[in-house]
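Asks: Following this message is one structure expressed as structure tokens.
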Amino acid sequence: MTTKIIVGVDGSGSGERAIDHAKKMAKLIGKCELLVVFVIEWSPYAFQTPEQNAERHKRREEEIKDATDHIVQPAVDRIKQDGLTARGIVRHGHVADLLSSTAVDEGAELIVVARSSEHGLASRVFGTSTANLVMHASVPVTVVG
């Protein structure tokens, strides 16, 4: 049986640290697949004009392609160069919710993410995506500093 590990990435150095840790875990576990997941933040509550709504689907598809081409696929390729199994997933929505639901949908045993570097009032009032994920995920979450 293959163990699946979700790796949440954001295109920054912190995402690379999450990938590095997930690779170490995969090597310790043995037969393992890393699922590199990038979530494009999207809120259904954003106010948009009718023109923006007409363009929403096209923009969404472009954002998914850009994230796949520039963030996810290069990460998957680097993981595979180390002899590990990996594939990428790009989703649109709320980061914590989608990482957790992807873990459940894929039958993953673990989610690996990096600690958020966000500072300021918003993070103190609302918390970070990482904190929300840790509190609400259906599978264990490892947070890399």
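Just remember, in the structure tokens the first chain shown is A, the second B, etc., residues are 1-based per chain, and ligands are 1-based in the order shown.
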Where in segment 11-139 of chain A does DSSP assign alpha helix (DSSP H), given as a ChimeraX atom specification?

Replies: /A:13-29,50-67,73-81,95-106,121-126,129-136

Asks: May I have all residues of segment 29-141 of chain A that DSSP, computed from the backbone, assigns to strand (DSSP E), given as number ranges by chain?

Replies: A: 32-41, 85-93, 110-114, 141

Asks: For segment 13-94 of chain A against segment 105-117 of chain A, with a cut-off of 12 Å and counting only C-alpha atoms, what is the closest atom pair and its distance in Å to one decimal for every residue that makes the cut, ordered by chain and number, as a Markdown table?

Replies:
| residue | atom | partner | partner_atom | distance |
| --- | --- | --- | --- | --- |
| A:Gly13 | CA | A:Ala114 | CA | 9.2 |
| A:Ser14 | CA | A:Ala114 | CA | 5.4 |
| A:Gly15 | CA | A:Ala114 | CA | 6.0 |
| A:Glu16 | CA | A:Ala114 | CA | 8.5 |
| A:Arg17 | CA | A:Ala114 | CA | 6.8 |
| A:Ala18 | CA | A:Val113 | CA | 5.3 |
| A:Ile19 | CA | A:Val112 | CA | 7.8 |
| A:Asp20 | CA | A:Val112 | CA | 9.9 |
| A:His21 | CA | A:Val112 | CA | 7.7 |
| A:Ala22 | CA | A:Val112 | CA | 6.4 |
| A:Lys23 | CA | A:Val112 | CA | 10.2 |
| A:Lys24 | CA | A:Val112 | CA | 11.3 |
| A:Met25 | CA | A:Val112 | CA | 9.7 |
| A:Ala26 | CA | A:Leu110 | CA | 10.7 |
| A:Ile29 | CA | A:Glu109 | CA | 11.3 |
| A:Cys32 | CA | A:Ala108 | CA | 10.1 |
| A:Glu33 | CA | A:Ala108 | CA | 9.1 |
| A:Leu34 | CA | A:Ala108 | CA | 9.2 |
| A:Leu35 | CA | A:Ala108 | CA | 8.8 |
| A:Val36 | CA | A:Val112 | CA | 9.7 |
| A:Val37 | CA | A:Val113 | CA | 9.9 |
| A:Phe38 | CA | A:Val113 | CA | 10.8 |
| A:Arg87 | CA | A:Glu106 | CA | 11.7 |
| A:Ile89 | CA | A:Glu106 | CA | 10.9 |

Asks: Would you mind telling me which residue in A:Gly30, A:Gly145, A:Gly93, A:Gly11 lies nearest to His70 of chain A when using only C-alpha atoms?

Replies: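 The shortest atom-to-atom distance to His70 of chain A comes from A:Gly11.
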
Asks: Excluding His136 of chain A and residues on its chain fewer than 5 positions from it, collect all residues at most 10 Å away from it, counting only C-alpha atoms, and give them as a PyMOL selection string.

Replies: chain A and resi 96-97+100+131+141

Asks: Could you check the closest approach to Pro140 of chain A for each of A:Ile6, A:Asp66, A:Ser12, A:Val76 and tell me which residue wins, using only C-alpha atoms?

Replies: A:Ile6

Asks: If you count only C-alpha atoms, which residues fall within 10 Å of segment 57-65 of chain A, apart from same-chain ones fewer than 3 positions away, as a PDB file with N, CA, C and O atoms, in the first residue's frame?

Replies:
ATOM      1  N   PHE A  38      -1.321  23.297  -4.446  1.00  0.00           N
ATOM      2  CA  PHE A  38      -1.308  24.757  -4.419  1.00  0.00           C
ATOM      3  C   PHE A  38      -2.749  25.227  -4.475  1.00  0.00           C
ATOM      4  O   PHE A  38      -3.518  24.788  -5.336  1.00  0.00           O
ATOM      5  N   VAL A  39      -3.121  26.104  -3.546  1.00  0.00           N
ATOM      6  CA  VAL A  39      -4.489  26.617  -3.510  1.00  0.00           C
ATOM      7  C   VAL A  39      -4.463  28.100  -3.855  1.00  0.00           C
ATOM      8  O   VAL A  39      -3.773  28.887  -3.210  1.00  0.00           O
ATOM      9  N   ILE A  40      -5.229  28.458  -4.870  1.00  0.00           N
ATOM     10  CA  ILE A  40      -5.392  29.856  -5.250  1.00  0.00           C
ATOM     11  C   ILE A  40      -6.534  30.397  -4.407  1.00  0.00           C
ATOM     12  O   ILE A  40      -7.669  29.935  -4.522  1.00  0.00           O
ATOM     13  N   TRP A  42      -9.549  32.233  -3.108  1.00  0.00           N
ATOM     14  CA  TRP A  42     -10.702  32.793  -3.803  1.00  0.00           C
ATOM     15  C   TRP A  42     -11.837  32.897  -2.818  1.00  0.00           C
ATOM     16  O   TRP A  42     -12.071  31.977  -2.028  1.00  0.00           O
ATOM     17  N   GLN A  52     -16.784  41.514 -14.717  1.00  0.00           N
ATOM     18  CA  GLN A  52     -15.828  40.652 -14.022  1.00  0.00           C
ATOM     19  C   GLN A  52     -16.383  39.235 -13.879  1.00  0.00           C
ATOM     20  O   GLN A  52     -15.640  38.268 -14.014  1.00  0.00           O
ATOM     21  N   ASN A  53     -17.662  39.116 -13.601  1.00  0.00           N
ATOM     22  CA  ASN A  53     -18.273  37.786 -13.506  1.00  0.00           C
ATOM     23  C   ASN A  53     -18.208  37.042 -14.831  1.00  0.00           C
ATOM     24  O   ASN A  53     -18.005  35.828 -14.861  1.00  0.00           O
ATOM     25  N   ALA A  54     -18.374  37.762 -15.938  1.00  0.00           N
ATOM     26  CA  ALA A  54     -18.306  37.135 -17.260  1.00  0.00           C
ATOM     27  C   ALA A  54     -16.905  36.599 -17.544  1.00  0.00           C
ATOM     28  O   ALA A  54     -16.749  35.588 -18.232  1.00  0.00           O
ATOM     29  N   THR A  68       0.098  25.801 -12.082  1.00  0.00           N
ATOM     30  CA  THR A  68       0.603  24.475 -12.448  1.00  0.00           C
ATOM     31  C   THR A  68       1.959  24.583 -13.133  1.00  0.00           C
ATOM     32  O   THR A  68       2.912  23.896 -12.755  1.00  0.00           O
ATOM     33  N   ASP A  69       2.059  25.472 -14.116  1.00  0.00           N
ATOM     34  CA  ASP A  69       3.281  25.601 -14.906  1.00  0.00           C
ATOM     35  C   ASP A  69       4.458  26.173 -14.124  1.00  0.00           C
ATOM     36  O   ASP A  69       5.599  25.770 -14.346  1.00  0.00           O
ATOM     37  N   HIS A  70       4.194  27.127 -13.225  1.00  0.00           N
ATOM     38  CA  HIS A  70       5.286  27.870 -12.585  1.00  0.00           C
ATOM     39  C   HIS A  70       5.595  27.434 -11.158  1.00  0.00           C
ATOM     40  O   HIS A  70       6.688  27.708 -10.666  1.00  0.00           O
ATOM     41  N   ILE A  71       4.659  26.770 -10.490  1.00  0.00           N
ATOM     42  CA  ILE A  71       4.883  26.397  -9.092  1.00  0.00           C
ATOM     43  C   ILE A  71       4.805  24.884  -8.892  1.00  0.00           C
ATOM     44  O   ILE A  71       5.744  24.263  -8.418  1.00  0.00           O
ATOM     45  N   VAL A  72       3.691  24.298  -9.271  1.00  0.00           N
ATOM     46  CA  VAL A  72       3.434  22.894  -8.930  1.00  0.00           C
ATOM     47  C   VAL A  72       4.273  21.928  -9.760  1.00  0.00           C
ATOM     48  O   VAL A  72       4.943  21.056  -9.207  1.00  0.00           O
ATOM     49  N   ILE A  89      -1.539  19.090  -7.733  1.00  0.00           N
ATOM     50  CA  ILE A  89      -2.957  19.450  -7.720  1.00  0.00           C
ATOM     51  C   ILE A  89      -3.048  20.956  -7.486  1.00  0.00           C
ATOM     52  O   ILE A  89      -2.395  21.485  -6.589  1.00  0.00           O
ATOM     53  N   VAL A  90      -3.856  21.643  -8.294  1.00  0.00           N
ATOM     54  CA  VAL A  90      -4.121  23.061  -8.085  1.00  0.00           C
ATOM     55  C   VAL A  90      -5.615  23.218  -7.877  1.00  0.00           C
ATOM     56  O   VAL A  90      -6.417  22.675  -8.640  1.00  0.00           O
ATOM     57  N   ARG A  91      -5.972  23.942  -6.829  1.00  0.00           N
ATOM     58  CA  ARG A  91      -7.386  24.156  -6.497  1.00  0.00           C
ATOM     59  C   ARG A  91      -7.634  25.644  -6.296  1.00  0.00           C
ATOM     60  O   ARG A  91      -6.719  26.411  -6.044  1.00  0.00           O
ATOM     61  N   HIS A  92      -8.892  26.019  -6.352  1.00  0.00           N
ATOM     62  CA  HIS A  92      -9.346  27.395  -6.131  1.00  0.00           C
ATOM     63  C   HIS A  92     -10.221  27.410  -4.901  1.00  0.00           C
ATOM     64  O   HIS A  92     -11.173  26.634  -4.819  1.00  0.00           O
TER      65      HIS A  92
END

Asks: Using only C-alpha atoms, find the one residue out of A:Ile5, A:Ala67, A:Val95, A:Leu28 that sits nearest to Val139 of chain A.

Replies: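 Smallest distance to Val139 of chain A is found for A:Ile5.
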
Asks: Would you compute the distance between atom CA of Lys80 of chain A and atom CA of Thr130 of chain A? Give it in Å to one decimal.

Replies: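 Between these atoms lies a distance of 26.0 Å.
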